[in-house]
Amino acid sequence: MTKNAEVARVLKEIGLFLEFEGKEPFKVKAYQRAVRSISALGEDVANLADRDDLTSIPGVGKGIAEVIKSYLTTGNVGVLDELRTRVPIKIMELDAIPGVGIKTIKLVYEKLGVTDLESLEKAANEDKLSKLPGLGLKTQDQIIEGIQVARSGLSRTLLADALSIATDIETQLRKLHEINQLVFAGSIRRRRETIGDIDILVEATDPKQVMSTFVTLRDVSSVSAHGETKSSVRLSSGIQVDLRVLPKDGFGAGLQYFTGNVDHNVKLRAIAQKKGLRLNEYGLFRGEDKIAGTDESGIYKTLGLDFIPPELREDKGEIEAAQNGQLPHLIELKDIRGDLHSHTDQSDGKNTIEEMLDAAQMKGYEYYCVSDHTQSLTIANGMDESRLLQRIEEIDTLNASGRWKMKILKGAEVDILSEGSLDIKDEVLSQLDLVTVSIHSRMKDNKKTMTERVCHALESKYVHILGHPTGRLLLKRSEFEIDLDAVFESAKQNNVVMELNAHPQRLDLNAGNLRAATRMGLKIAINTDAHWTTELDHMQFGVYQARRGWLTKNDVINTYPLKKMMSTIKK
DNA sequence: GCCGTTTTCGGCCCGACTGTTTTCAGTCG
């Protein structure tokens with residue numbers, strides 16, 4: 001488990017207290033920037049600290065680096081302790097209430113002695129908030145509602161779920177013939193792994209009609225804003241959806257602006273300023289003249305940049321690369337020629353091998369690997385050697401049948417045991433076309449043990465791919481403790497490919513890991529790990545993640561024709 | 001507090017919406 005979330009929380013709290021105390025706004029912003037950076041960091045901030053490289057994180061300079069170091073080594077930060085003593089309130093808890101900001105927190109603390117959710121709720125229920133200057137009955141009601149939202153611990157939503165919710169809203173809105181254009185923006189468009197809220201942009205002949213339809217859609221549980229260009233609702237599922245109406249001649253500018261992320265946009269604006277231009281959500285202007293903004297590409301072009309795919313817009317070097325014509329040509333879904341990790345009902349899959357093959361054939365794949373679990377994973381009905389040998393014969397027969405045009409590859413997802421040995425004998429492994437090894441047990445091993453265990457497994461001359469290398473389940477289980485640099489090094493030595501597991505809940509490796517792996521010259525396999533036929537569709541999420549990791553077609557072995565793919569993994 | 005194609009000082013994005021204001025402050029993205 002990385003320290004990133006903890007460190008981000010500490011920095012956020014410091015930022016909030018500084019704002020509370022009325023400190024220099026840009027100092028506050030500096031902390032907020034660092035929080036964003038560290039939350040989105042591809043690797044463990046503790047590793048960067050070990051390497052004494054914290055200031056390589058955008059927005060982290062000497063001062064904040066010291067804060068992080070102090071926290072990581074002692075578990076405490078002096079300045080934060082002082083702030084907490086001076087202002088004894090649960091500032092993070094209060095700030096988590098939608099509609100409540102620092103000014104309100106300060107007001108209720110100073111006037112009513114409110115220090116946490118409970119005391120705020122009590123004050124609201126006793127009708128004390130509405131008596132305060134600047135607040136009224138409506139605000140008080142809003143706060144009462146907001147406290148419930150904060151309590152429900154409103155978390156993020158998987159990309160796949162957010163996309164499906166957004167698509168449902170799109171379908172409902174598209175019934176309005178007033179709508180000319182509709183796109184998803186924000187983190188959905190950047191294809192982040194998880195989504196905070198859903199941003200939808202439309203261009204329409206009758207914005208008012210669109211807005212009133214939007215705020216009355218089924219599933220809308222509350223409306224927090226309803227204006228002419230912006231409306232905001234919360235669905236019964238808890239997720240917030242923002243809809244914005246943009247003018248036709250500024251649609252590209254709005255799309256660029258609302259795609260973000262904020263750090264990317266800030267840097268873009270600075271570039272505009274240096275050219276004597278002004279960039280905002282309505283367009284790119286020279287004086288009063290709009291010189292770009294109808295479409296996004298015009299904005300980037302006018303600023304002297306190549307078009308930056310949304311997945312890269314996180315201020316992680318893409319702007320500089322775009323200035324120098326060095327953006328990667330990112331992989332696309334159509335580049336994928338096969339899936340190298342899938343299950344059947346012989347282990348814990350839900351479909352027969354024939355059903356899986358039919359579904360894979362529909363994808364137009366050139367090859368497809370069947371890789372069921374092995375014996376240690378009893379809960380998944382893992383295969384032992386004799387069943388695996390039968391499976392090998394079965395696939396030979398299926399290949400010979402000619403029913404499927406694609407090549408069916410004989411594989412297995414072999415368990416890595418406690419010492420890094422594998423749970424299938426070498427003489428059986430040697431008969432498989434493709435061996436993926438994965439950790440499914442003892443995930444709480446300490447970093448050293450886990451790293452040695454995985455590295456040892458990679459030394460087997462029958463291993464081709466390391467499956468879901470960090471074992472995380474988004475929003476559910478952290479990655480296990482492992483030194484990925486060492487694993488990558490071992491993979492490099494032993495010609496082992498890293499899996500990018502495309503399951504929406506895994507997306508393992510993450511974008512930062514992928515960049516690090518390919519920088520070391522490793523190859524990646526994007527695999528669905530499908531347990532039933534419809535999960536073969538998860539390939540798209542793997543490709544999104546690959547794009548976020550700056551991967552090109554050449555980085556990914558399952559874009560290769562069969563022969564080249566097989567020779568690439570050959571030991 | 002951070003940062004550099006106005007580079008070691010002096011900037012740092014800004015507009016929509018709401019509720020409470022009778023001209024604007026707070027929050028959000």
# chains A, B, ... in the order shown; residues from 1 in each chain; ligands from 1
>>> closest_atom_pairs(of="chain A", to="chain B", cutoff="10 Å", atoms="only C-alpha atoms (C1' of nucleotides)", output="CSV")
residue,atom,partner,partner_atom,distance
A:Glu24,CA,B:DG1,C1',9.4
A:Pro25,CA,B:DC12,C1',9.6
A:Phe26,CA,B:DC12,C1',6.7
A:Lys27,CA,B:DG1,C1',4.9
A:Val28,CA,B:DG1,C1',7.9
A:Lys29,CA,B:DG1,C1',8.3
A:Ala30,CA,B:DG1,C1',5.4
A:Tyr31,CA,B:DG1,C1',7.2
A:Arg33,CA,B:DC2,C1',9.4
A:Ala34,CA,B:DC2,C1',9.5
A:Pro58,CA,B:DC2,C1',8.8
A:Gly59,CA,B:DC2,C1',5.9
A:Val60,CA,B:DC2,C1',7.1
A:Gly61,CA,B:DC2,C1',6.2
A:Lys62,CA,B:DG1,C1',8.7
A:Gly63,CA,B:DG1,C1',6.8
A:Ile64,CA,B:DG1,C1',7.5
A:Pro98,CA,B:DT27,C1',8.6
A:Gly99,CA,B:DT27,C1',6.0
A:Val100,CA,B:DT27,C1',7.2
A:Gly101,CA,B:DT27,C1',6.5
A:Ile102,CA,B:DG26,C1',9.0
A:Lys103,CA,B:DG26,C1',7.1
A:Thr104,CA,B:DG26,C1',8.0
A:Pro133,CA,B:DT20,C1',8.8
A:Gly134,CA,B:DT20,C1',5.8
A:Leu135,CA,B:DT20,C1',6.8
A:Gly136,CA,B:DT20,C1',7.1
A:Leu137,CA,B:DG19,C1',9.3
A:Lys138,CA,B:DG19,C1',7.3
A:Thr139,CA,B:DG19,C1',7.1
A:Gly186,CA,B:DG29,C1',9.8
A:Ser224,CA,B:DT18,C1',8.8
A:Ala225,CA,B:DC17,C1',6.5
A:His226,CA,B:DC17,C1',7.8
A:Gly227,CA,B:DC17,C1',6.7
A:Glu228,CA,B:DA16,C1',9.2
A:Thr229,CA,B:DA16,C1',7.7
A:Lys230,CA,B:DA16,C1',6.9
A:Ser231,CA,B:DC17,C1',8.6
A:Ser232,CA,B:DC17,C1',9.8
A:Asp242,CA,B:DG29,C1',9.8
A:Phe258,CA,B:DG29,C1',8.4
A:Gly260,CA,B:DG29,C1',9.9
A:Val262,CA,B:DG29,C1',8.8
A:Asn265,CA,B:DC13,C1',8.4
A:Val266,CA,B:DC13,C1',6.4
A:Lys267,CA,B:DC13,C1',9.7
A:Arg269,CA,B:DC13,C1',7.4
A:Ala270,CA,B:DC13,C1',9.0
A:Ile271,CA,B:DT5,C1',8.9
A:Lys274,CA,B:DT6,C1',8.0
A:Lys275,CA,B:DT5,C1',9.7
A:Leu279,CA,B:DC13,C1',9.0
A:Asn280,CA,B:DC14,C1',8.0
A:Glu281,CA,B:DG15,C1',8.7
>>> closest_atom_pairs(of="range 396-482 of chain A", to="range 368-392 of chain A", cutoff="9 Å", atoms="only C-alpha atoms", output="tab-separated table")
residue	atom	partner	partner_atom	distance
A:Asp396	CA	A:Ile392	CA	6.3
A:Thr397	CA	A:Ile392	CA	8.8
A:Met406	CA	A:Tyr368	CA	7.1
A:Lys407	CA	A:Tyr368	CA	6.4
A:Ile408	CA	A:Tyr368	CA	5.2
A:Leu409	CA	A:Cys369	CA	4.4
A:Lys410	CA	A:Val370	CA	6.0
A:Gly411	CA	A:Ser371	CA	4.4
A:Ala412	CA	A:Ser371	CA	3.7
A:Glu413	CA	A:His373	CA	4.9
A:Val414	CA	A:Thr374	CA	5.4
A:Asp415	CA	A:Thr374	CA	6.4
A:Ile416	CA	A:Ser376	CA	9.0
A:Leu417	CA	A:Ser376	CA	8.2
A:Asp423	CA	A:Ser376	CA	6.5
A:Ile424	CA	A:Glu385	CA	6.4
A:Lys425	CA	A:Glu385	CA	7.3
A:Val428	CA	A:Glu385	CA	6.6
A:Leu429	CA	A:Glu385	CA	8.9
A:Gln431	CA	A:Ile392	CA	7.8
A:Leu432	CA	A:Ile392	CA	7.4
A:Asp433	CA	A:Cys369	CA	8.5
A:Leu434	CA	A:Cys369	CA	7.6
A:Val435	CA	A:Ser371	CA	7.9
A:Thr436	CA	A:Ser371	CA	7.7
A:His440	CA	A:Leu377	CA	7.5
A:Ser441	CA	A:Leu377	CA	8.4
>>> write_last_selection(atoms="N, CA, C and O atoms", output="short mmCIF file (atom, residue, chain, number, x, y, z; two decimals), in the first residue's frame")
data_model
loop_
_atom_site.label_atom_id
_atom_site.label_comp_id
_atom_site.auth_asym_id
_atom_site.auth_seq_id
_atom_site.Cartn_x
_atom_site.Cartn_y
_atom_site.Cartn_z
N ASP A 396 -5.57 -28.72 -28.60
CA ASP A 396 -5.05 -29.25 -29.87
C ASP A 396 -6.21 -29.69 -30.78
O ASP A 396 -6.22 -29.39 -31.98
N THR A 397 -7.16 -30.35 -30.18
CA THR A 397 -8.33 -30.81 -30.95
C THR A 397 -9.14 -29.64 -31.49
O THR A 397 -9.56 -29.61 -32.64
N MET A 406 -9.02 -18.15 -35.56
CA MET A 406 -7.88 -17.68 -34.77
C MET A 406 -7.13 -18.86 -34.16
O MET A 406 -7.66 -19.95 -33.99
N LYS A 407 -5.87 -18.57 -33.80
CA LYS A 407 -5.06 -19.58 -33.13
C LYS A 407 -5.42 -19.60 -31.65
O LYS A 407 -5.41 -18.55 -30.98
N ILE A 408 -5.74 -20.79 -31.14
CA ILE A 408 -6.04 -20.92 -29.72
C ILE A 408 -4.76 -21.29 -29.00
O ILE A 408 -4.13 -22.32 -29.32
N LEU A 409 -4.36 -20.47 -28.05
CA LEU A 409 -3.11 -20.71 -27.34
C LEU A 409 -3.37 -21.42 -26.03
O LEU A 409 -4.33 -21.13 -25.32
N LYS A 410 -2.47 -22.38 -25.75
CA LYS A 410 -2.59 -23.16 -24.51
C LYS A 410 -1.89 -22.41 -23.39
O LYS A 410 -0.68 -22.18 -23.45
N GLY A 411 -2.67 -22.01 -22.39
CA GLY A 411 -2.08 -21.23 -21.31
C GLY A 411 -2.59 -21.65 -19.95
O GLY A 411 -3.40 -22.57 -19.81
N ALA A 412 -2.08 -20.97 -18.94
CA ALA A 412 -2.57 -21.16 -17.58
C ALA A 412 -2.18 -19.92 -16.78
O ALA A 412 -1.20 -19.25 -17.11
N GLU A 413 -3.00 -19.62 -15.78
CA GLU A 413 -2.63 -18.58 -14.83
C GLU A 413 -2.15 -19.31 -13.59
O GLU A 413 -2.95 -19.77 -12.77
N VAL A 414 -0.85 -19.43 -13.50
CA VAL A 414 -0.22 -20.29 -12.50
C VAL A 414 0.03 -19.50 -11.21
O VAL A 414 0.51 -18.37 -11.25
N ASP A 415 -0.29 -20.13 -10.09
CA ASP A 415 -0.13 -19.46 -8.80
C ASP A 415 1.33 -19.41 -8.36
O ASP A 415 2.06 -20.40 -8.45
N ILE A 416 1.71 -18.25 -7.87
CA ILE A 416 3.03 -18.10 -7.27
C ILE A 416 2.90 -18.47 -5.79
O ILE A 416 2.15 -17.84 -5.05
N LEU A 417 3.61 -19.50 -5.38
CA LEU A 417 3.52 -19.96 -4.00
C LEU A 417 4.38 -19.10 -3.08
O LEU A 417 5.04 -18.16 -3.52
N ASP A 423 3.04 -23.62 -8.79
CA ASP A 423 2.29 -24.79 -8.31
C ASP A 423 2.01 -25.81 -9.41
O ASP A 423 1.16 -26.68 -9.25
N ILE A 424 2.73 -25.71 -10.54
CA ILE A 424 2.63 -26.69 -11.62
C ILE A 424 4.06 -27.10 -12.02
O ILE A 424 4.94 -26.25 -12.11
N LYS A 425 4.24 -28.40 -12.23
CA LYS A 425 5.59 -28.91 -12.54
C LYS A 425 6.09 -28.40 -13.88
O LYS A 425 5.32 -28.21 -14.82
N VAL A 428 5.04 -29.94 -17.27
CA VAL A 428 3.73 -29.56 -17.81
C VAL A 428 3.77 -28.12 -18.32
O VAL A 428 3.26 -27.81 -19.40
N LEU A 429 4.40 -27.24 -17.54
CA LEU A 429 4.52 -25.84 -17.98
C LEU A 429 5.16 -25.76 -19.36
O LEU A 429 4.78 -24.95 -20.21
N GLN A 431 4.88 -27.54 -21.80
CA GLN A 431 4.00 -27.89 -22.92
C GLN A 431 2.98 -26.80 -23.24
O GLN A 431 2.18 -26.93 -24.17
N LEU A 432 2.99 -25.74 -22.42
CA LEU A 432 2.04 -24.64 -22.67
C LEU A 432 2.66 -23.60 -23.61
O LEU A 432 3.88 -23.43 -23.66
N ASP A 433 1.81 -22.92 -24.38
CA ASP A 433 2.30 -21.86 -25.25
C ASP A 433 2.64 -20.61 -24.45
O ASP A 433 3.55 -19.86 -24.79
N LEU A 434 1.87 -20.39 -23.38
CA LEU A 434 2.00 -19.11 -22.69
C LEU A 434 1.65 -19.27 -21.20
O LEU A 434 0.54 -19.68 -20.87
N VAL A 435 2.61 -18.96 -20.35
CA VAL A 435 2.40 -19.11 -18.91
C VAL A 435 2.35 -17.73 -18.25
O VAL A 435 3.30 -16.95 -18.35
N THR A 436 1.22 -17.44 -17.63
CA THR A 436 1.09 -16.23 -16.82
C THR A 436 1.19 -16.65 -15.36
O THR A 436 0.60 -17.66 -14.98
N HIS A 440 -2.05 -14.87 -5.71
CA HIS A 440 -3.44 -14.91 -5.24
C HIS A 440 -3.52 -15.23 -3.76
O HIS A 440 -4.61 -15.36 -3.21
N SER A 441 -2.38 -15.38 -3.13
CA SER A 441 -2.39 -15.76 -1.72
C SER A 441 -1.33 -14.97 -0.96
O SER A 441 -0.43 -14.38 -1.57
#
>>> select_by_dssp(residues="range 383-479 of chain A", states="helix (DSSP H, G or I)", output="MDAnalysis selection string")
chainID A and resid 385:401 426:429 447:458
>>> write_last_selection(atoms="N, CA and C atoms", output="compact mmCIF listing (two decimals), in the first residue's frame")
# COMPACT_ATOMS: atom_id res chain seq x y z
N GLU A 385 -1.99 -30.89 -12.58
CA GLU A 385 -1.24 -31.24 -13.79
C GLU A 385 -2.06 -32.11 -14.75
N SER A 386 -2.77 -33.09 -14.19
CA SER A 386 -3.46 -34.01 -15.10
C SER A 386 -4.59 -33.29 -15.84
N ARG A 387 -5.29 -32.40 -15.14
CA ARG A 387 -6.35 -31.66 -15.84
C ARG A 387 -5.75 -30.71 -16.87
N LEU A 388 -4.60 -30.13 -16.53
CA LEU A 388 -3.95 -29.23 -17.48
C LEU A 388 -3.53 -29.98 -18.74
N LEU A 389 -3.02 -31.23 -18.55
CA LEU A 389 -2.61 -32.04 -19.71
C LEU A 389 -3.82 -32.35 -20.59
N GLN A 390 -4.94 -32.63 -19.94
CA GLN A 390 -6.18 -32.86 -20.71
C GLN A 390 -6.56 -31.60 -21.50
N ARG A 391 -6.43 -30.46 -20.82
CA ARG A 391 -6.76 -29.18 -21.44
C ARG A 391 -5.88 -28.95 -22.68
N ILE A 392 -4.60 -29.32 -22.55
CA ILE A 392 -3.66 -29.16 -23.68
C ILE A 392 -4.13 -29.98 -24.88
N GLU A 393 -4.53 -31.23 -24.59
CA GLU A 393 -5.04 -32.09 -25.67
C GLU A 393 -6.31 -31.51 -26.28
N GLU A 394 -7.17 -31.03 -25.39
CA GLU A 394 -8.45 -30.47 -25.83
C GLU A 394 -8.23 -29.31 -26.80
N ILE A 395 -7.27 -28.44 -26.44
CA ILE A 395 -7.04 -27.27 -27.30
C ILE A 395 -6.42 -27.69 -28.63
N ASP A 396 -5.57 -28.72 -28.60
CA ASP A 396 -5.05 -29.25 -29.87
C ASP A 396 -6.21 -29.69 -30.78
N THR A 397 -7.16 -30.35 -30.18
CA THR A 397 -8.33 -30.81 -30.95
C THR A 397 -9.14 -29.64 -31.49
N LEU A 398 -9.34 -28.64 -30.60
CA LEU A 398 -10.13 -27.47 -31.02
C LEU A 398 -9.43 -26.73 -32.16
N ASN A 399 -8.11 -26.58 -32.05
CA ASN A 399 -7.35 -25.92 -33.11
C ASN A 399 -7.49 -26.68 -34.42
N ALA A 400 -7.45 -28.03 -34.31
CA ALA A 400 -7.52 -28.86 -35.51
C ALA A 400 -8.91 -28.87 -36.12
N SER A 401 -9.91 -28.55 -35.30
CA SER A 401 -11.29 -28.63 -35.79
C SER A 401 -11.58 -27.61 -36.90
N ASP A 426 7.42 -28.25 -13.97
CA ASP A 426 8.03 -27.72 -15.18
C ASP A 426 7.67 -28.52 -16.44
N GLU A 427 7.60 -29.88 -16.30
CA GLU A 427 7.35 -30.66 -17.53
C GLU A 427 5.97 -30.41 -18.11
N VAL A 428 5.04 -29.94 -17.27
CA VAL A 428 3.73 -29.56 -17.81
C VAL A 428 3.77 -28.12 -18.32
N LEU A 429 4.40 -27.24 -17.54
CA LEU A 429 4.52 -25.84 -17.98
C LEU A 429 5.16 -25.76 -19.36
N LYS A 447 7.11 -6.19 2.17
CA LYS A 447 7.64 -5.76 0.88
C LYS A 447 8.81 -6.63 0.41
N LYS A 448 9.71 -6.90 1.33
CA LYS A 448 10.90 -7.68 0.97
C LYS A 448 10.50 -9.09 0.55
N THR A 449 9.68 -9.71 1.37
CA THR A 449 9.26 -11.09 1.08
C THR A 449 8.51 -11.16 -0.25
N MET A 450 7.58 -10.25 -0.42
CA MET A 450 6.77 -10.26 -1.64
C MET A 450 7.64 -10.02 -2.87
N THR A 451 8.54 -9.07 -2.77
CA THR A 451 9.41 -8.74 -3.92
C THR A 451 10.27 -9.94 -4.29
N GLU A 452 10.86 -10.58 -3.27
CA GLU A 452 11.71 -11.75 -3.54
C GLU A 452 10.90 -12.88 -4.13
N ARG A 453 9.70 -13.03 -3.59
CA ARG A 453 8.81 -14.09 -4.04
C ARG A 453 8.49 -13.93 -5.53
N VAL A 454 8.09 -12.73 -5.91
CA VAL A 454 7.73 -12.50 -7.31
C VAL A 454 8.96 -12.59 -8.21
N CYS A 455 10.06 -11.97 -7.79
CA CYS A 455 11.26 -12.01 -8.61
C CYS A 455 11.73 -13.46 -8.83
N HIS A 456 11.64 -14.26 -7.78
CA HIS A 456 12.02 -15.66 -7.91
C HIS A 456 11.14 -16.37 -8.94
N ALA A 457 9.84 -16.10 -8.89
CA ALA A 457 8.92 -16.73 -9.84
C ALA A 457 9.28 -16.36 -11.27
N LEU A 458 9.70 -15.11 -11.46
CA LEU A 458 10.01 -14.65 -12.82
C LEU A 458 11.27 -15.32 -13.37
>>> closest_residue(among="A:Leu312, A:Val87, A:Leu173, A:Ala49", to="Phe20 in chain A", atoms="only C-alpha atoms")
A:Val87
>>> residues_around(residues="Val35 in chain A", least_positions_apart="2", cutoff="12 Å", atoms="only C-alpha atoms (C1' of nucleotides)", output="number ranges by chain")
A: 4-16, 28-33, 37-41, 45, 57-60, 64, 68, 263
